[in-house]
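These notes concern the structure reproduced below.
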Amino acid sequence: MNRTHNDVQPGPRAMHSDFPDNLGLNPQTALLDAFFPGFSLLSTALYRYSRIDISVYFPTLIVLGLLTWASSYVSTWIKDFMDKHLMSTADIRIDDEMYNMVMAWVATQKFAKKSRRFVANTNLNSRMWWLFRDYGDDDDEDDISPRGFHQEKEKKLQFTPSFGTHYFWYKGRPFVFSRTQDRNQGSWGTVSERENISLSSFGRDPTLLKRLLNECRAAFSKNDENRTIIYRGGLRKGTSEPTWTRCSTRASRPFSTVVLDESVKQSLLDDMSDYLHPRTRRWYSNRGIPYRRGYLLYGPPGTGKSSLSFAIAGYFKLKIYIVSLNSPSMNEENLGSLFDELPKRCLVLLEDIDTAGLTHTRDEIQVDDAKPAEGGPGSTTTVVSNDNSSGRLSLSALLNIIDGVSSHEGRVLVMTTNHIEKLDEALIRPGRVDMTVKFDLADTDIIITIFRAIFATLDDDIPKPAKSNEANNCSAKKTAGLSEATKEEVRRMEDEEEEAKALEVKRLAEEARITELGKRFAELVPAKTFSPAEIQGYLLKNKREPEMAIKNAEVWVKNTLMDKRKKAQEEREKEAKEKEDREKAKEEKLEKGKEKEEEKET
Ligand SMILES: Nc1ncnc2c1ncn2[C@@H]1O[C@H](COP(=O)(O)OP(=O)(O)OP(=O)(O)O)[C@@H](O)[C@H]1O
């Protein structure tokens, strides 16, 4: 269909525009065509079919566009200005424990619960593996299914607001919780690791914001009551920065569950209580004595050294900081930095110090092959070289860190070892080790105690039935005064008391029976032959049948002794072979040396 100029009737909204004629000539349209290629074609088509000349509206569109652009610019500028000058902001690092604390707090807030776009989690912790905490995972209160199986409690779902800005009120002031995707982060993190969170308060005074962060921490720490928190020293992931990272928490182990000579336990407790008493710090500083204390727990494997360390931490509510000296990254600098970061009151645990890289890394000016002499600690010191050139930890470096200026005052240092005789005397001299506790293989008393600990019924083993209302009323009336009780009620209360007494008598009888069985068991197990861990392991296999444990004890003893002898024999052979190889290598080295010298001479 060919339309001419005369055919075109000006549309109602483009009365003054002679569109087709002007199209090619109109400088405005030409300009637009230059910026938006195809504009003239589009506008002609639009005009032809709808009689709307959009070029008339162009100035308005430009103004609107400019306004939109300006408003977004202005709003960004206002936001930046407010952020910079009128708000206080705390950026929370995802690789810090604070992330877990803030998220746990946020999940309990109304604004998070109301959020229409949210993240559903079973675990609110940072995705960084080392910040995962396991409380709740080992919750004791799992359900028992109707069929009697142990059923893991389903984890509660937690909801946190999705990416974006979320507003909420805290103590009457507006706050902002912002969760954004971190696009700049390197590719080492998983998708869920790449995020940033921040909390901001309106106003230049950050006091309330800090109070909120402290509240997050306090709420989080409440979950840690009656638990022992364990930190491990190492390098922060992807960096060479040494740091302590929280690796797990455990229900605090009651001190009473560690079987050890009661007098030794008591003196350890007294010593530590005295050291950790708030006044002791001043006592030390008044006398110019460094305020720190070291303990060495030694004895064969499986005798309770680690268990005692954890029990001590639980008893005194200390966090445990474990560092593996075997780790290749644990050089003087890194260990020093870790010790610098220790909190004022904590327990530092250096486990199996004799096997720590320490003895291996020191250049060995060998003494009489690792065979312990009778003389006790230090008498056959394997090594002494304070060379630190290998980049690994040397003895002198460790000593410096233990008692140097960088060592944090107020900490409790616990070292454990299976071979005290292999340790350098310098490491365990008073000042570095103030108390040593010897652990031994189980004697008769310990065997009986372990037996009783496994088979005796403890109060917490059986869930207590809730007191019936009737019973509650009864006891209430009892306390309110007997005069109000009817004769029948009084009789019922008496019956209940009788029942409780009968139960107590039964409990005592059961206890006596278990002790008797324990004695019979101890007669079958030779004293000072097995570690408590070995005995416990055997008894646990029969944990509901003490009689069965006694019945099979002789066979177990026989088999275990045979295994032990076999292992010891293998160990001896291995050692002999290693010794032989070492000597051979030494001889070869000497030979080669001689040959070289001869060559030189000739
Ligand atoms: N004296 C003890 N009292 C109570 N439990 C003990 C004792 N000794 C060992 N056990 C039990 O044996 C297991 C191992 O104990 P633990 O790790 O404390 O031994 P250890 O001496 O530190 O061993 P290792 O030298 O191999 O590190 C734990 O389950 C612990 O409960």
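Residues in the structure tokens are named by chain (A, B, ... in the order shown) and by number from 1 within that chain; ligands are numbered from 1 in the order shown.
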Ligand 1: which residues are within 8 Å, counting only C-alpha atoms and all ligand atoms, as an NGL selection string?
:A and (257-260 or 298-309 or 351-352 or 416-418 or 439 or 446 or 450 or 531-534 or 536-537)
Best match for closeness to Glu241 in chain A among A:Pro59, A:Gly336, A:Pro161, A:Gly203, counting only C-alpha atoms
A:Gly336
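In the backbone-derived DSSP annotation, helix (DSSP H, G or I) within range 414-450 of chain A comprises Ile420, Glu421, Lys422, Thr444, Asp445, Ile446, Ile447, Ile448, Thr449 and Ile450 of chain A.
Note that CA of Gly233 in chain A and CA of Val433 in chain A are 21.3 Å apart.
With distances restricted to only C-alpha atoms, A:Glu97 is the closest residue to Phe220 in chain A from A:Gly294, A:Gly410, A:Val119, A:Glu97.
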Shell of 12 Å around Ile230 in chain A, only C-alpha atoms, local chain residues under 4 positions omitted, as a PyMOL selection string
chain A and resi 130-135+224+244-252+309-310+313-314+317-323+346-349
Just N, CA and C atoms for this one: save the residues we selected as an mmCIF file, in the first residue's frame.
```cif
data_model
loop_
_atom_site.group_PDB
_atom_site.id
_atom_site.type_symbol
_atom_site.label_atom_id
_atom_site.label_comp_id
_atom_site.auth_asym_id
_atom_site.auth_seq_id
_atom_site.Cartn_x
_atom_site.Cartn_y
_atom_site.Cartn_z
ATOM 1 N N TRP A 130 36.258 -24.728 59.144
ATOM 2 C CA TRP A 130 36.881 -24.661 60.467
ATOM 3 C C TRP A 130 36.021 -23.866 61.451
ATOM 4 N N LEU A 131 34.995 -23.212 60.940
ATOM 5 C CA LEU A 131 34.129 -22.489 61.875
ATOM 6 C C LEU A 131 32.870 -23.275 62.207
ATOM 7 N N PHE A 132 32.782 -24.461 61.626
ATOM 8 C CA PHE A 132 31.627 -25.284 61.960
ATOM 9 C C PHE A 132 31.694 -25.660 63.425
ATOM 10 N N ARG A 133 30.604 -25.587 64.074
ATOM 11 C CA ARG A 133 30.615 -26.036 65.468
ATOM 12 C C ARG A 133 29.685 -27.227 65.555
ATOM 13 N N ASP A 134 29.948 -28.082 66.516
ATOM 14 C CA ASP A 134 29.167 -29.301 66.535
ATOM 15 C C ASP A 134 28.234 -29.395 67.728
ATOM 16 N N TYR A 135 28.041 -28.278 68.441
ATOM 17 C CA TYR A 135 27.104 -28.438 69.546
ATOM 18 C C TYR A 135 25.734 -28.699 68.941
ATOM 19 N N ASP A 224 27.521 -22.542 75.079
ATOM 20 C CA ASP A 224 28.772 -23.235 75.399
ATOM 21 C C ASP A 224 28.900 -23.565 76.879
ATOM 22 N N TRP A 244 44.196 -19.478 65.528
ATOM 23 C CA TRP A 244 43.492 -20.511 66.287
ATOM 24 C C TRP A 244 42.108 -20.639 65.682
ATOM 25 N N THR A 245 41.706 -21.832 65.365
ATOM 26 C CA THR A 245 40.344 -21.972 64.849
ATOM 27 C C THR A 245 39.574 -22.964 65.702
ATOM 28 N N ARG A 246 38.361 -22.548 65.978
ATOM 29 C CA ARG A 246 37.519 -23.377 66.833
ATOM 30 C C ARG A 246 37.152 -24.636 66.063
ATOM 31 N N CYS A 247 37.490 -25.797 66.601
ATOM 32 C CA CYS A 247 37.201 -26.983 65.802
ATOM 33 C C CYS A 247 36.059 -27.795 66.365
ATOM 34 N N SER A 248 35.854 -27.797 67.655
ATOM 35 C CA SER A 248 34.695 -28.542 68.169
ATOM 36 C C SER A 248 34.415 -28.170 69.613
ATOM 37 N N THR A 249 33.286 -28.638 70.065
ATOM 38 C CA THR A 249 32.970 -28.483 71.490
ATOM 39 C C THR A 249 32.546 -29.857 71.997
ATOM 40 N N ARG A 250 32.773 -30.082 73.262
ATOM 41 C CA ARG A 250 32.388 -31.365 73.861
ATOM 42 C C ARG A 250 31.676 -31.077 75.161
ATOM 43 N N ALA A 251 30.770 -31.943 75.523
ATOM 44 C CA ALA A 251 30.169 -31.814 76.847
ATOM 45 C C ALA A 251 31.322 -31.969 77.844
ATOM 46 N N SER A 252 31.388 -31.067 78.824
ATOM 47 C CA SER A 252 32.515 -31.126 79.763
ATOM 48 C C SER A 252 32.551 -32.475 80.467
ATOM 49 N N SER A 309 43.185 -33.892 80.891
ATOM 50 C CA SER A 309 43.329 -32.506 80.389
ATOM 51 C C SER A 309 41.959 -31.918 80.079
ATOM 52 N N PHE A 310 41.110 -32.708 79.421
ATOM 53 C CA PHE A 310 39.775 -32.203 79.074
ATOM 54 C C PHE A 310 38.924 -32.007 80.327
ATOM 55 N N ALA A 313 39.942 -28.796 81.961
ATOM 56 C CA ALA A 313 39.400 -27.637 81.235
ATOM 57 C C ALA A 313 37.927 -27.456 81.558
ATOM 58 N N GLY A 314 37.200 -28.563 81.610
ATOM 59 C CA GLY A 314 35.768 -28.477 81.911
ATOM 60 C C GLY A 314 35.537 -27.989 83.335
ATOM 61 N N LYS A 317 36.377 -24.371 83.567
ATOM 62 C CA LYS A 317 35.755 -23.628 82.454
ATOM 63 C C LYS A 317 36.803 -22.904 81.600
ATOM 64 N N LEU A 318 37.807 -23.660 81.209
ATOM 65 C CA LEU A 318 38.858 -23.094 80.356
ATOM 66 C C LEU A 318 38.665 -23.602 78.936
ATOM 67 N N LYS A 319 38.976 -22.754 77.992
ATOM 68 C CA LYS A 319 38.960 -23.222 76.611
ATOM 69 C C LYS A 319 40.278 -23.948 76.358
ATOM 70 N N ILE A 320 40.222 -24.974 75.512
ATOM 71 C CA ILE A 320 41.452 -25.735 75.235
ATOM 72 C C ILE A 320 42.033 -25.306 73.894
ATOM 73 N N TYR A 321 43.317 -25.026 73.891
ATOM 74 C CA TYR A 321 44.019 -24.665 72.652
ATOM 75 C C TYR A 321 45.046 -25.749 72.375
ATOM 76 N N ILE A 322 44.780 -26.512 71.313
ATOM 77 C CA ILE A 322 45.673 -27.633 71.000
ATOM 78 C C ILE A 322 46.550 -27.256 69.816
ATOM 79 N N VAL A 323 47.807 -27.567 69.951
ATOM 80 C CA VAL A 323 48.675 -27.306 68.809
ATOM 81 C C VAL A 323 49.537 -28.542 68.563
ATOM 82 N N CYS A 346 43.341 -19.763 79.767
ATOM 83 C CA CYS A 346 43.043 -20.877 78.864
ATOM 84 C C CYS A 346 43.989 -22.034 79.170
ATOM 85 N N LEU A 347 43.717 -23.154 78.536
ATOM 86 C CA LEU A 347 44.600 -24.303 78.705
ATOM 87 C C LEU A 347 45.214 -24.640 77.344
ATOM 88 N N VAL A 348 46.537 -24.608 77.305
ATOM 89 C CA VAL A 348 47.217 -24.960 76.053
ATOM 90 C C VAL A 348 47.676 -26.408 76.183
ATOM 91 N N LEU A 349 47.289 -27.220 75.216
ATOM 92 C CA LEU A 349 47.621 -28.641 75.288
ATOM 93 C C LEU A 349 48.615 -29.018 74.186
#
```
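Nearest residue to Ser329 in chain A, choosing from A:Arg236, A:Arg292, A:Arg173, A:Arg211 and counting only C-alpha atoms: A:Arg236.
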